[in-house]
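Colleague: Please find final36.tsv (TSV, N, CA and C atoms) on the next line:
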chain	number	residue	atom	x	y	z
A	1	MET	N	-60.42	17.44	-9.60
A	1	MET	CA	-59.13	17.28	-8.97
A	1	MET	C	-58.30	16.33	-9.83
A	2	ALA	N	-57.07	16.67	-10.07
A	2	ALA	CA	-56.19	15.85	-10.90
A	2	ALA	C	-55.42	14.85	-10.04
A	3	ASP	N	-55.21	13.70	-10.64
A	3	ASP	CA	-54.38	12.70	-9.96
A	3	ASP	C	-52.92	13.03	-10.20
A	4	ILE	N	-52.16	13.12	-9.17
A	4	ILE	CA	-50.73	13.39	-9.29
A	4	ILE	C	-49.99	12.15	-8.83
A	5	SER	N	-49.12	11.71	-9.68
A	5	SER	CA	-48.34	10.52	-9.36
A	5	SER	C	-46.88	10.91	-9.23
A	6	LEU	N	-46.32	10.68	-8.10
A	6	LEU	CA	-44.91	10.97	-7.89
A	6	LEU	C	-44.14	9.66	-7.99
A	7	HIS	N	-43.16	9.64	-8.84
A	7	HIS	CA	-42.35	8.44	-9.00
A	7	HIS	C	-41.00	8.69	-8.34
A	8	TYR	N	-40.65	7.81	-7.47
A	8	TYR	CA	-39.36	7.92	-6.80
A	8	TYR	C	-38.63	6.60	-6.96
A	9	SER	N	-37.46	6.68	-7.50
A	9	SER	CA	-36.64	5.49	-7.65
A	9	SER	C	-35.53	5.54	-6.61
A	10	SER	N	-35.53	4.61	-5.71
A	10	SER	CA	-34.52	4.60	-4.66
A	10	SER	C	-33.13	4.32	-5.21
A	11	LYS	N	-33.03	3.79	-6.44
A	11	LYS	CA	-31.73	3.48	-7.01
A	11	LYS	C	-31.08	4.70	-7.66
A	12	ALA	N	-31.86	5.68	-8.04
A	12	ALA	CA	-31.32	6.83	-8.75
A	12	ALA	C	-30.24	7.58	-7.97
A	13	PRO	N	-30.46	7.90	-6.69
A	13	PRO	CA	-29.41	8.64	-5.97
A	13	PRO	C	-28.13	7.83	-5.78
A	14	LEU	N	-28.22	6.52	-5.88
A	14	LEU	CA	-27.06	5.67	-5.63
A	14	LEU	C	-26.39	5.21	-6.92
A	15	ALA	N	-26.85	5.72	-8.05
A	15	ALA	CA	-26.29	5.29	-9.33
A	15	ALA	C	-24.80	5.56	-9.35
A	16	GLY	N	-24.02	4.55	-9.61
A	16	GLY	CA	-22.57	4.68	-9.68
A	16	GLY	C	-21.86	4.58	-8.35
A	17	THR	N	-22.61	4.55	-7.26
A	17	THR	CA	-21.98	4.51	-5.94
A	17	THR	C	-21.20	3.22	-5.74
A	18	TYR	N	-21.79	2.11	-6.14
A	18	TYR	CA	-21.10	0.82	-5.98
A	18	TYR	C	-19.82	0.80	-6.79
A	19	THR	N	-19.87	1.29	-8.02
A	19	THR	CA	-18.69	1.31	-8.88
A	19	THR	C	-17.60	2.19	-8.28
A	20	ALA	N	-17.99	3.37	-7.81
A	20	ALA	CA	-17.01	4.28	-7.21
A	20	ALA	C	-16.39	3.66	-5.96
A	21	PHE	N	-17.21	3.05	-5.14
A	21	PHE	CA	-16.72	2.43	-3.92
A	21	PHE	C	-15.78	1.27	-4.23
A	22	SER	N	-16.13	0.47	-5.21
A	22	SER	CA	-15.25	-0.65	-5.56
A	22	SER	C	-13.93	-0.17	-6.15
A	23	GLN	N	-13.95	0.95	-6.87
A	23	GLN	CA	-12.70	1.52	-7.39
A	23	GLN	C	-11.82	2.03	-6.26
A	24	ILE	N	-12.42	2.64	-5.27
A	24	ILE	CA	-11.66	3.12	-4.11
A	24	ILE	C	-11.02	1.94	-3.38
A	25	LEU	N	-11.80	0.89	-3.16
A	25	LEU	CA	-11.25	-0.29	-2.48
A	25	LEU	C	-10.11	-0.92	-3.28
A	26	ALA	N	-10.26	-0.98	-4.60
A	26	ALA	CA	-9.20	-1.55	-5.44
A	26	ALA	C	-7.94	-0.70	-5.35
A	27	THR	N	-8.09	0.62	-5.32
A	27	THR	CA	-6.95	1.51	-5.20
A	27	THR	C	-6.25	1.30	-3.85
A	28	TRP	N	-7.04	1.20	-2.79
A	28	TRP	CA	-6.46	0.98	-1.47
A	28	TRP	C	-5.73	-0.35	-1.39
A	29	ARG	N	-6.31	-1.39	-1.98
A	29	ARG	CA	-5.64	-2.70	-1.99
A	29	ARG	C	-4.32	-2.64	-2.74
A	30	ARG	N	-4.33	-1.96	-3.89
A	30	ARG	CA	-3.11	-1.83	-4.70
A	30	ARG	C	-2.03	-1.09	-3.92
A	31	ARG	N	-2.41	0.03	-3.27
A	31	ARG	CA	-1.43	0.78	-2.48
A	31	ARG	C	-0.85	-0.06	-1.36
A	32	ALA	N	-1.71	-0.79	-0.66
A	32	ALA	CA	-1.23	-1.62	0.45
A	32	ALA	C	-0.25	-2.67	-0.06
A	33	LYS	N	-0.58	-3.29	-1.18
A	33	LYS	CA	0.30	-4.31	-1.76
A	33	LYS	C	1.63	-3.70	-2.17
A	34	GLU	N	1.60	-2.56	-2.85
A	34	GLU	CA	2.83	-1.91	-3.30
A	34	GLU	C	3.70	-1.50	-2.12
A	35	ARG	N	3.09	-1.03	-1.04
A	35	ARG	CA	3.86	-0.62	0.13
A	35	ARG	C	4.46	-1.81	0.86
A	36	ARG	N	3.75	-2.93	0.87
A	36	ARG	CA	4.34	-4.16	1.43
A	36	ARG	C	5.54	-4.60	0.62
A	37	GLU	N	5.40	-4.51	-0.71
A	37	GLU	CA	6.51	-4.89	-1.58
A	37	GLU	C	7.71	-3.96	-1.38
A	38	LEU	N	7.46	-2.67	-1.23
A	38	LEU	CA	8.55	-1.72	-0.96
A	38	LEU	C	9.26	-2.07	0.34
A	39	ALA	N	8.49	-2.40	1.37
A	39	ALA	CA	9.08	-2.71	2.67
A	39	ALA	C	9.97	-3.94	2.61
A	40	ASN	N	9.72	-4.83	1.64
A	40	ASN	CA	10.48	-6.07	1.54
A	40	ASN	C	11.64	-6.01	0.56
A	41	LEU	N	11.93	-4.85	0.00
A	41	LEU	CA	13.04	-4.73	-0.94
A	41	LEU	C	14.37	-4.85	-0.21
A	42	ASP	N	15.34	-5.47	-0.84
A	42	ASP	CA	16.68	-5.53	-0.25
A	42	ASP	C	17.45	-4.26	-0.63
A	43	HIS	N	18.62	-4.10	-0.02
A	43	HIS	CA	19.41	-2.87	-0.22
A	43	HIS	C	19.81	-2.67	-1.68
A	44	ARG	N	20.10	-3.75	-2.37
A	44	ARG	CA	20.48	-3.64	-3.78
A	44	ARG	C	19.33	-3.12	-4.64
A	45	ALA	N	18.13	-3.62	-4.40
A	45	ALA	CA	16.96	-3.16	-5.16
A	45	ALA	C	16.65	-1.70	-4.85
A	46	ILE	N	16.81	-1.32	-3.59
A	46	ILE	CA	16.59	0.08	-3.21
A	46	ILE	C	17.58	0.98	-3.92
A	47	ARG	N	18.82	0.57	-3.94
A	47	ARG	CA	19.87	1.35	-4.63
A	47	ARG	C	19.58	1.43	-6.13
A	48	ASP	N	19.13	0.32	-6.72
A	48	ASP	CA	18.80	0.31	-8.15
A	48	ASP	C	17.67	1.29	-8.47
A	49	LEU	N	16.76	1.47	-7.54
A	49	LEU	CA	15.66	2.42	-7.74
A	49	LEU	C	16.12	3.87	-7.56
A	50	GLY	N	17.29	4.05	-6.99
A	50	GLY	CA	17.80	5.40	-6.77
A	50	GLY	C	17.18	6.06	-5.56
A	51	LEU	N	16.71	5.26	-4.62
A	51	LEU	CA	16.09	5.79	-3.41
A	51	LEU	C	16.93	5.44	-2.20
A	52	SER	N	16.67	6.14	-1.11
A	52	SER	CA	17.36	5.83	0.14
A	52	SER	C	16.46	4.92	0.98
A	53	PRO	N	17.07	4.18	1.90
A	53	PRO	CA	16.26	3.34	2.79
A	53	PRO	C	15.23	4.16	3.59
A	54	SER	N	15.57	5.38	3.96
A	54	SER	CA	14.61	6.20	4.72
A	54	SER	C	13.42	6.61	3.85
A	55	GLU	N	13.65	6.85	2.56
A	55	GLU	CA	12.54	7.17	1.65
A	55	GLU	C	11.60	5.97	1.50
A	56	ILE	N	12.20	4.79	1.39
A	56	ILE	CA	11.41	3.56	1.28
A	56	ILE	C	10.60	3.35	2.56
A	57	GLN	N	11.25	3.53	3.69
A	57	GLN	CA	10.58	3.34	4.97
A	57	GLN	C	9.43	4.33	5.14
A	58	PHE	N	9.66	5.59	4.77
A	58	PHE	CA	8.62	6.61	4.87
A	58	PHE	C	7.39	6.21	4.04
A	59	GLU	N	7.62	5.81	2.80
A	59	GLU	CA	6.52	5.43	1.90
A	59	GLU	C	5.83	4.16	2.39
A	60	ALA	N	6.60	3.19	2.82
A	60	ALA	CA	6.03	1.90	3.24
A	60	ALA	C	5.20	2.03	4.52
A	61	ASN	N	5.52	3.01	5.35
A	61	ASN	CA	4.80	3.19	6.61
A	61	ASN	C	3.54	4.03	6.50
A	62	LYS	N	3.28	4.59	5.32
A	62	LYS	CA	2.06	5.37	5.14
A	62	LYS	C	0.84	4.46	5.16
A	63	PRO	N	-0.27	4.96	5.71
A	63	PRO	CA	-1.50	4.17	5.65
A	63	PRO	C	-1.99	4.05	4.19
A	64	PHE	N	-2.71	3.00	3.90
A	64	PHE	CA	-3.12	2.72	2.52
A	64	PHE	C	-4.02	3.80	1.94
A	65	TRP	N	-4.69	4.58	2.76
A	65	TRP	CA	-5.62	5.58	2.23
A	65	TRP	C	-4.92	6.89	1.86
A	66	ARG	N	-3.65	7.05	2.25
A	66	ARG	CA	-2.91	8.27	1.92
A	66	ARG	C	-2.14	8.10	0.63
A	67	LEU	N	-2.08	9.15	-0.16
A	67	LEU	CA	-1.30	9.13	-1.39
A	67	LEU	C	0.18	9.17	-1.10
As structure tokens, please, write out the structure in this file.

Modeller:
Amino acid sequence: MADISLHYSSKAPLAGTYTAFSQILATWRRRAKERRELANLDHRAIRDLGLSPSEIQFEANKPFWRL
């Protein structure tokens, strides 16, 4: 009878998971920050961007996980 050795590494299925998760969190933080900044723009800055106040409000009110 032959000895069979099965090697299982619990880290293999999770390889890159932490990196991917941290990238997602960084993206969400960036979006939230940018949307807060948009919400705080004055009328002159909004006009300089060539956007309407309703466009700014629409974008600023989106949840951080939505594009």

Colleague: Quick check, in Å to one decimal: how far apart do atom N of Arg47 (chain A) and atom C of Lys33 (chain A) lie?

Modeller: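 Interatomic distance, atom N of Arg47 (chain A) to atom C of Lys33 (chain A): 17.8 Å.
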
Colleague: Find the residues around Ser52 (chain A) up to 12 Å (only C-alpha atoms counted), leave out those fewer than 6 positions away in its own chain, and share them as a PyMOL selection string.

Modeller: chain A and resi 38+41-46+58-59

Colleague: Work out how far apart CA of Gln57 (chain A) and atom N of Asn40 (chain A) are and give it in Å to one decimal.

Modeller: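 Interatomic distance here is 8.9 Å.
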
Colleague: Counting only C-alpha atoms, figure out which residue out of A:Leu51, A:Ile56, A:Ala20, A:Leu67 gets nearest to Glu37 (chain A).

Modeller: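 When distances to Glu37 (chain A) are compared using only C-alpha atoms, the smallest one comes from A:Ile56.
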
Colleague: Please return the centre and edge lengths, in Å to one decimal, of a box with edges along x, y and z that contains all listed atoms of region 22-40 of chain A, widened by 8 Å on every side, as JSON.

Modeller:
{"center_x": -2.2, "center_y": -1.5, "center_z": -2.4, "size_x": 43.8, "size_y": 25.2, "size_z": 26.1}

Colleague: How many Å separate CA of Arg35 (chain A) from CA of Thr19 (chain A)?

Modeller: 24.4 Å

Colleague: With all atoms listed in the file as the basis for distance, which of A:Arg36, A:Gly16, A:Arg31, A:Phe21 is at the shortest distance from Arg66 (chain A)?

Modeller: A:Arg31

Colleague: So, counting only C-alpha atoms, which residue among A:Ser54, A:Thr17, A:Trp65, A:Asp48 is closest to Arg29 (chain A)?

Modeller: A:Trp65

Colleague: Do you know which residues are at most 7 Å from Thr27 (chain A) counting all atoms listed in the file, after dropping those on the same chain fewer than 5 positions away, and could you put them as a VMD selection string?

Modeller: chain A and resid 22 32 64
